[in-house]
>>> print(open('entry-v2.tsv').read())   # TSV, C-alpha atoms
chain	number	residue	atom	x	y	z
S	1	MET	CA	3.14	25.63	-8.39
S	2	GLN	CA	3.77	21.95	-7.83
S	3	PRO	CA	0.86	19.65	-8.63
S	4	THR	CA	-1.20	18.61	-5.64
S	5	LEU	CA	-0.35	15.21	-4.20
S	6	VAL	CA	-3.60	13.37	-3.56
S	7	ALA	CA	-2.88	10.32	-1.42
S	8	VAL	CA	-5.55	7.67	-1.99
S	9	ALA	CA	-6.31	5.32	0.89
S	10	HIS	CA	-8.74	2.43	0.65
S	11	GLY	CA	-10.75	3.21	3.77
S	12	SER	CA	-11.57	0.99	6.74
S	13	ARG	CA	-14.21	0.49	9.40
S	14	ASP	CA	-11.42	0.32	11.98
S	15	PRO	CA	-11.37	3.74	13.70
S	16	ARG	CA	-7.57	3.58	13.98
S	17	ALA	CA	-7.06	3.48	10.22
S	18	PRO	CA	-7.81	7.14	9.34
S	19	HIS	CA	-5.56	8.36	12.16
S	20	THR	CA	-2.75	6.11	10.92
S	21	VAL	CA	-3.04	7.42	7.36
S	22	SER	CA	-3.13	11.02	8.60
S	23	ALA	CA	0.05	10.41	10.61
S	24	LEU	CA	1.76	9.04	7.51
S	25	LEU	CA	0.80	12.11	5.49
S	26	ASP	CA	2.10	14.34	8.27
S	27	LEU	CA	5.50	12.71	7.69
S	28	VAL	CA	5.16	13.37	3.96
S	29	ARG	CA	4.44	17.05	4.65
S	30	GLU	CA	7.47	17.28	6.94
S	31	LEU	CA	9.67	15.95	4.15
S	32	ARG	CA	8.28	18.43	1.61
S	33	PRO	CA	6.64	21.34	3.47
S	34	ARG	CA	5.69	23.39	0.41
S	35	LEU	CA	3.82	20.56	-1.30
S	36	ASP	CA	0.02	20.54	-1.11
S	37	VAL	CA	-0.76	17.04	0.23
S	38	ARG	CA	-4.38	15.92	0.47
S	39	LEU	CA	-6.15	12.69	1.35
S	40	GLY	CA	-9.01	10.90	-0.37
S	41	HIS	CA	-10.55	7.51	0.48
S	42	ILE	CA	-11.97	5.05	-2.02
S	43	GLU	CA	-14.73	4.10	0.43
S	44	LEU	CA	-15.83	3.97	4.08
S	45	ASN	CA	-14.00	7.07	5.36
S	46	ARG	CA	-14.10	10.78	4.71
S	47	PRO	CA	-12.93	12.64	2.82
S	48	LEU	CA	-13.91	10.46	-0.11
S	49	LEU	CA	-11.66	10.69	-3.15
S	50	ALA	CA	-14.36	12.31	-5.29
S	51	ASP	CA	-14.81	15.09	-2.73
S	52	THR	CA	-11.06	15.70	-2.47
S	53	LEU	CA	-10.76	15.96	-6.24
S	54	ASP	CA	-13.76	18.30	-6.42
S	55	GLU	CA	-11.97	20.70	-4.07
S	56	ALA	CA	-8.62	20.57	-5.91
S	57	SER	CA	-7.63	22.70	-8.87
S	58	GLY	CA	-4.92	22.83	-11.52
S	59	ASP	CA	-2.66	19.76	-11.64
S	60	ALA	CA	-2.80	16.73	-9.37
S	61	VAL	CA	-1.06	13.40	-8.94
S	62	LEU	CA	-3.04	10.59	-7.34
S	63	VAL	CA	-0.70	8.38	-5.29
S	64	PRO	CA	-2.37	5.13	-4.25
S	65	LEU	CA	-1.50	4.04	-0.72
S	66	LEU	CA	-1.88	0.51	-2.02
S	67	PHE	CA	0.72	-2.18	-2.54
S	68	GLY	CA	-0.07	-3.72	-5.91
S	69	ARG	CA	-1.66	-3.35	-9.32
S	70	GLY	CA	-5.17	-4.44	-8.41
S	71	TYR	CA	-8.60	-3.25	-9.53
S	72	HIS	CA	-8.48	0.02	-7.59
S	73	VAL	CA	-5.19	1.10	-9.18
S	74	LYS	CA	-6.10	-0.03	-12.69
S	75	ARG	CA	-9.75	0.98	-12.81
S	76	ASP	CA	-11.11	3.02	-9.89
S	77	LEU	CA	-8.40	5.65	-9.67
S	78	PRO	CA	-8.12	6.42	-13.40
S	79	ALA	CA	-11.91	6.62	-13.57
S	80	ALA	CA	-12.06	9.01	-10.61
S	81	ALA	CA	-9.34	11.17	-12.16
S	82	ALA	CA	-11.17	11.25	-15.50
S	83	ARG	CA	-14.43	12.28	-13.83
S	84	ALA	CA	-12.67	15.28	-12.27
S	85	ALA	CA	-12.74	17.09	-15.61
S	86	HIS	CA	-11.56	20.38	-14.09
S	87	LEU	CA	-8.20	18.81	-13.12
S	88	ARG	CA	-5.15	17.86	-15.14
S	89	SER	CA	-4.28	14.70	-13.29
S	90	ARG	CA	-2.41	11.44	-13.49
S	91	VAL	CA	-2.22	8.30	-11.37
S	92	ALA	CA	1.10	7.21	-9.87
S	93	ALA	CA	2.21	3.61	-9.45
S	94	PRO	CA	1.20	1.74	-6.30
S	95	LEU	CA	3.68	1.68	-3.45
S	96	GLY	CA	4.76	-1.90	-3.99
S	97	PRO	CA	6.97	-3.57	-4.79
S	98	HIS	CA	9.88	-1.35	-3.76
S	99	PRO	CA	12.97	-1.60	-1.50
S	100	LEU	CA	11.64	1.21	0.73
S	101	LEU	CA	8.55	-0.86	1.39
S	102	VAL	CA	10.76	-3.81	2.28
S	103	GLU	CA	12.70	-1.56	4.67
S	104	ALA	CA	9.47	-0.77	6.51
S	105	LEU	CA	8.41	-4.43	6.60
S	106	ARG	CA	11.77	-5.43	8.08
S	107	ASP	CA	11.59	-2.76	10.77
S	108	ARG	CA	8.09	-3.80	11.81
S	109	LEU	CA	9.23	-7.42	12.05
S	110	LEU	CA	12.20	-6.45	14.21
S	111	GLU	CA	9.92	-4.41	16.46
S	112	ALA	CA	7.73	-7.50	16.88
S	113	GLY	CA	10.68	-9.63	17.96
S	114	TRP	CA	11.69	-11.35	14.73
S	115	THR	CA	15.08	-13.05	15.02
S	116	GLU	CA	17.58	-14.00	12.36
S	117	GLY	CA	16.76	-17.22	10.52
S	118	THR	CA	13.03	-17.17	11.31
S	119	ALA	CA	10.75	-17.82	8.35
S	120	VAL	CA	8.05	-15.29	7.53
S	121	VAL	CA	4.54	-15.26	6.11
S	122	LEU	CA	3.84	-12.02	4.24
S	123	ALA	CA	0.14	-11.44	4.94
S	124	ALA	CA	-1.57	-9.30	2.29
S	125	ALA	CA	-5.16	-8.36	1.57
S	126	GLY	CA	-5.41	-10.34	-1.66
S	127	SER	CA	-6.81	-9.67	-5.12
S	128	ARG	CA	-8.11	-11.66	-8.07
S	129	ASP	CA	-5.86	-9.62	-10.36
S	130	PRO	CA	-2.78	-11.67	-11.32
S	131	ASP	CA	-0.63	-8.53	-11.49
S	132	SER	CA	-1.42	-7.80	-7.85
S	133	ALA	CA	-0.38	-11.32	-6.84
S	134	ALA	CA	2.82	-10.95	-8.87
S	135	ASP	CA	3.61	-7.72	-7.04
S	136	THR	CA	3.11	-9.41	-3.67
S	137	ARG	CA	5.35	-12.30	-4.68
S	138	ARG	CA	8.02	-9.82	-5.75
S	139	THR	CA	7.83	-8.07	-2.39
S	140	ALA	CA	8.14	-11.45	-0.65
S	141	ALA	CA	11.28	-12.19	-2.67
S	142	LEU	CA	12.79	-8.79	-1.86
S	143	LEU	CA	11.98	-9.25	1.83
S	144	SER	CA	13.59	-12.68	1.82
S	145	GLU	CA	16.78	-11.18	0.41
S	146	ARG	CA	16.73	-8.39	3.00
S	147	LEU	CA	16.30	-10.89	5.84
S	148	GLY	CA	19.22	-13.07	4.79
S	149	SER	CA	17.42	-15.42	2.39
S	150	VAL	CA	15.01	-16.87	4.96
S	151	PRO	CA	11.80	-18.32	3.49
S	152	VAL	CA	9.15	-15.62	2.99
S	153	VAL	CA	5.80	-16.96	1.77
S	154	PRO	CA	3.10	-14.59	0.50
S	155	ALA	CA	-0.40	-15.29	1.80
S	156	TYR	CA	-3.74	-13.57	1.58
S	157	ALA	CA	-6.67	-12.60	3.78
S	158	SER	CA	-9.16	-12.82	0.91
S	159	ALA	CA	-9.66	-13.40	-2.83
S	160	ALA	CA	-6.43	-15.35	-3.42
S	161	ALA	CA	-4.48	-18.39	-2.26
S	162	PRO	CA	-2.77	-19.46	-0.14
S	163	THR	CA	-4.47	-18.22	3.00
S	164	VAL	CA	-2.33	-17.31	6.00
S	165	PRO	CA	-3.13	-20.62	7.80
S	166	ASP	CA	-2.27	-22.58	4.65
S	167	ALA	CA	1.05	-20.77	4.32
S	168	LEU	CA	1.86	-21.45	7.96
S	169	ARG	CA	1.10	-25.16	7.49
S	170	ALA	CA	3.32	-25.26	4.40
S	171	LEU	CA	6.19	-23.74	6.36
S	172	ALA	CA	5.62	-26.15	9.25
S	173	ALA	CA	5.92	-29.04	6.80
S	174	ARG	CA	9.36	-27.67	5.93
S	175	GLY	CA	10.38	-27.54	9.60
S	176	HIS	CA	9.50	-23.89	10.35
S	177	HIS	CA	7.11	-24.22	13.28
S	178	ARG	CA	7.15	-20.68	14.66
S	179	PRO	CA	7.23	-18.36	11.64
S	180	ALA	CA	6.61	-14.67	11.97
S	181	VAL	CA	3.76	-12.91	10.21
S	182	ALA	CA	4.65	-9.67	8.41
S	183	SER	CA	1.72	-7.30	8.01
S	184	TYR	CA	1.48	-6.13	4.39
S	185	PHE	CA	-1.16	-3.60	5.37
S	186	GLY	CA	-0.87	0.15	5.61
S	187	ALA	CA	-3.12	0.57	8.62
S	188	PRO	CA	-4.98	-1.46	11.27
S	189	GLY	CA	-8.10	-3.22	10.11
S	190	LEU	CA	-10.00	-6.49	10.03
S	191	PHE	CA	-7.67	-8.30	7.61
S	192	ALA	CA	-4.56	-7.18	9.46
S	193	SER	CA	-5.96	-8.29	12.81
S	194	ARG	CA	-7.12	-11.66	11.49
S	195	SER	CA	-3.79	-12.35	9.85
S	196	ALA	CA	-1.82	-11.48	12.99
S	197	ALA	CA	-4.04	-13.74	15.11
S	198	PHE	CA	-2.83	-16.80	13.20
S	199	ALA	CA	0.85	-16.16	13.95
S	200	PRO	CA	2.56	-18.88	16.01
S	201	GLY	CA	5.54	-16.56	16.41
S	202	PRO	CA	6.03	-12.79	16.19
S	203	ALA	CA	3.24	-10.81	14.52
S	204	ALA	CA	4.32	-7.49	13.06
S	205	ALA	CA	2.18	-4.38	13.19
S	206	PRO	CA	0.84	-2.77	10.01
S	207	LEU	CA	3.32	-0.50	8.27
S	208	GLY	CA	1.56	2.67	9.40
S	209	ALA	CA	3.41	5.97	9.64
S	210	HIS	CA	6.86	4.61	8.83
S	211	PRO	CA	9.45	7.10	7.53
S	212	ALA	CA	10.39	4.83	4.63
S	213	LEU	CA	6.75	4.73	3.57
S	214	ALA	CA	6.60	8.53	3.59
S	215	ARG	CA	9.69	8.68	1.38
S	216	LEU	CA	8.12	6.13	-0.95
S	217	VAL	CA	4.93	8.21	-1.33
S	218	LEU	CA	7.06	11.11	-2.53
S	219	ARG	CA	9.11	8.80	-4.77
S	220	ARG	CA	5.95	7.63	-6.55
S	221	TYR	CA	4.76	11.24	-6.88
S	222	ASP	CA	8.08	12.31	-8.43
S	223	GLU	CA	8.14	9.31	-10.76
S	224	ALA	CA	4.65	10.12	-12.04
S	225	LEU	CA	5.69	13.70	-12.80
S	226	ALA	CA	8.84	12.52	-14.58
S	227	GLU	CA	6.96	10.24	-16.95
S	228	ARG	CA	6.73	11.71	-20.42
S	229	ARG	CA	3.12	10.86	-21.10
S	230	PRO	CA	0.01	13.03	-21.52
S	231	HIS	CA	-2.33	13.90	-18.71
S	232	LEU	CA	-5.42	11.77	-18.36
S	233	VAL	CA	-8.21	12.88	-20.69
S	234	PRO	CA	-10.88	14.76	-18.76
S	235	ALA	CA	-14.20	12.92	-18.58
S	236	ALA	CA	-15.99	15.62	-20.57
S	237	ALA	CA	-13.59	15.21	-23.49
S	238	ALA	CA	-13.64	11.42	-23.29
S	239	THR	CA	-17.41	11.27	-23.69
S	240	ALA	CA	-17.66	13.96	-26.36
>>> encode(input="entry-v2.tsv", output="structure tokens")
Amino acid sequence: MQPTLVAVAHGSRDPRAPHTVSALLDLVRELRPRLDVRLGHIELNRPLLADTLDEASGDAVLVPLLFGRGYHVKRDLPAAAARAAHLRSRVAAPLGPHPLLVEALRDRLLEAGWTEGTAVVLAAAGSRDPDSAADTRRTAALLSERLGSVPVVPAYASAAAPTVPDALRALAARGHHRPAVASYFGAPGLFASRSAAFAPGPAAAPLGAHPALARLVLRRYDEALAERRPHLVPAAAATA
């Protein structure tokens, strides 16, 4: 049997977020009907990741529904996988950066009314991890290329600089007075709403249940299985 795909969402107090993630995973299941696809949240929503892993058996691949190499991807997910000593599991790469993610960002901008030549602020959650910031900058560069080399400035809702207002002011100083804001968020939530509220021009919706995102979830799952590295050491063995 194929290893279980455990999609790992962050969790949100916004009641729309769990429904959005569930809709995305429905698309994943449509693309690969025989694959066992389950959901686990890091916090705030059920099922929590620990509970999902407790109920799984055999082999599993944890696919973070996150866009960069921050603390959750580097620390929380490997630790959760190691604690599930009954599983043979591994953690896939985060979704970003990747051209499929850029495809989804572009579509959401077009839906919001973005027009050719308009500069963009890529609004992300933010992290103190420099690798996470590097991943966001790479996505901004890829998005700029996809949009015809318009300026795309990464900005953050927390924990990193520049903020979305600072990025907008920097673009205004360069003559871009009505930039669009691209939502580098998987689902609705406080950070996504706050970032969109600053937009002087079009404000894109979160990526949500986009077909390209569903394909990317499966791409990360397949890549993790193709890697020639050992399974994570079960927690019981690691502490022996």
>>> residues_near_point(input="entry-v2.tsv", point="(6.8, 5.4, 7.2)", cutoff="10 Å", atoms="all atoms listed in the file", output="PyMOL selection string")
chain S and resi 23-25+27-28+100-101+103-105+186+207-217
>>> atom_distance(input="entry-v2.tsv", atom1="atom CA of S:Ala60", atom2="atom CA of S:Asp36")
9.5 Å
>>> atom_distance(input="entry-v2.tsv", atom1="atom CA of S:Arg34", atom2="atom CA of S:Leu218")
12.7 Å
>>> residues_around(input="entry-v2.tsv", residues="S:Ala134", least_positions_apart="4", cutoff="10 Å", atoms="only C-alpha atoms", output="ChimeraX atom specification")
/S:68-69,97,129-130,138-140
>>> atom_distance(input="entry-v2.tsv", atom1="atom CA of S:Leu143", atom2="atom CA of S:Glu227")
27.5 Å
>>> closest_residue(input="entry-v2.tsv", among="S:Asn45, S:Ser158, S:Ser12, S:Thr20", to="S:Ala124", atoms="only C-alpha atoms")
S:Ser158
>>> residues_near_point(input="entry-v2.tsv", point="(-0.8, -16.8, 11.9)", cutoff="8 Å", atoms="only C-alpha atoms", output="ChimeraX atom specification")
/S:164-165,168,180-181,195-201,203
>>> closest_residue(input="entry-v2.tsv", among="S:Leu65, S:Ala125, S:Ala119, S:Ala85", to="S:Ser149", atoms="all atoms listed in the file")
S:Ala119
>>> closest_residue(input="entry-v2.tsv", among="S:Leu62, S:Val21, S:Ala187, S:Leu53", to="S:Leu5", atoms="only C-alpha atoms")
S:Leu62
>>> closest_residue(input="entry-v2.tsv", among="S:Thr136, S:Thr52, S:Ser22, S:Thr163", to="S:Ala84", atoms="only C-alpha atoms")
S:Thr52
>>> closest_residue(input="entry-v2.tsv", among="S:Leu109, S:Tyr156, S:Val121, S:Pro99", to="S:Ala172", atoms="all atoms listed in the file")
S:Val121
>>> closest_residue(input="entry-v2.tsv", among="S:Leu87, S:Ala173, S:Pro154, S:Pro94", to="S:Gly126", atoms="all atoms listed in the file")
S:Pro154
>>> residues_around(input="entry-v2.tsv", residues="S:Gly189", least_positions_apart="4", cutoff="8 Å", atoms="all atoms listed in the file", output="PDB file with C-alpha atoms, keeping the file's coordinate frame")
ATOM      1  CA  SER S  12     -11.570   0.990   6.740  1.00  0.00           C
ATOM      2  CA  ARG S  13     -14.210   0.490   9.400  1.00  0.00           C
ATOM      3  CA  ASP S  14     -11.420   0.320  11.980  1.00  0.00           C
ATOM      4  CA  ARG S  16      -7.570   3.580  13.980  1.00  0.00           C
ATOM      5  CA  ALA S  17      -7.060   3.480  10.220  1.00  0.00           C
ATOM      6  CA  SER S 193      -5.960  -8.290  12.810  1.00  0.00           C
TER       7      SER S 193
END
>>> residues_around(input="entry-v2.tsv", residues="S:Leu66", least_positions_apart="3", cutoff="9 Å", atoms="only C-alpha atoms", output="ChimeraX atom specification")
/S:8-10,63,69-70,72-73,94-96,185-186
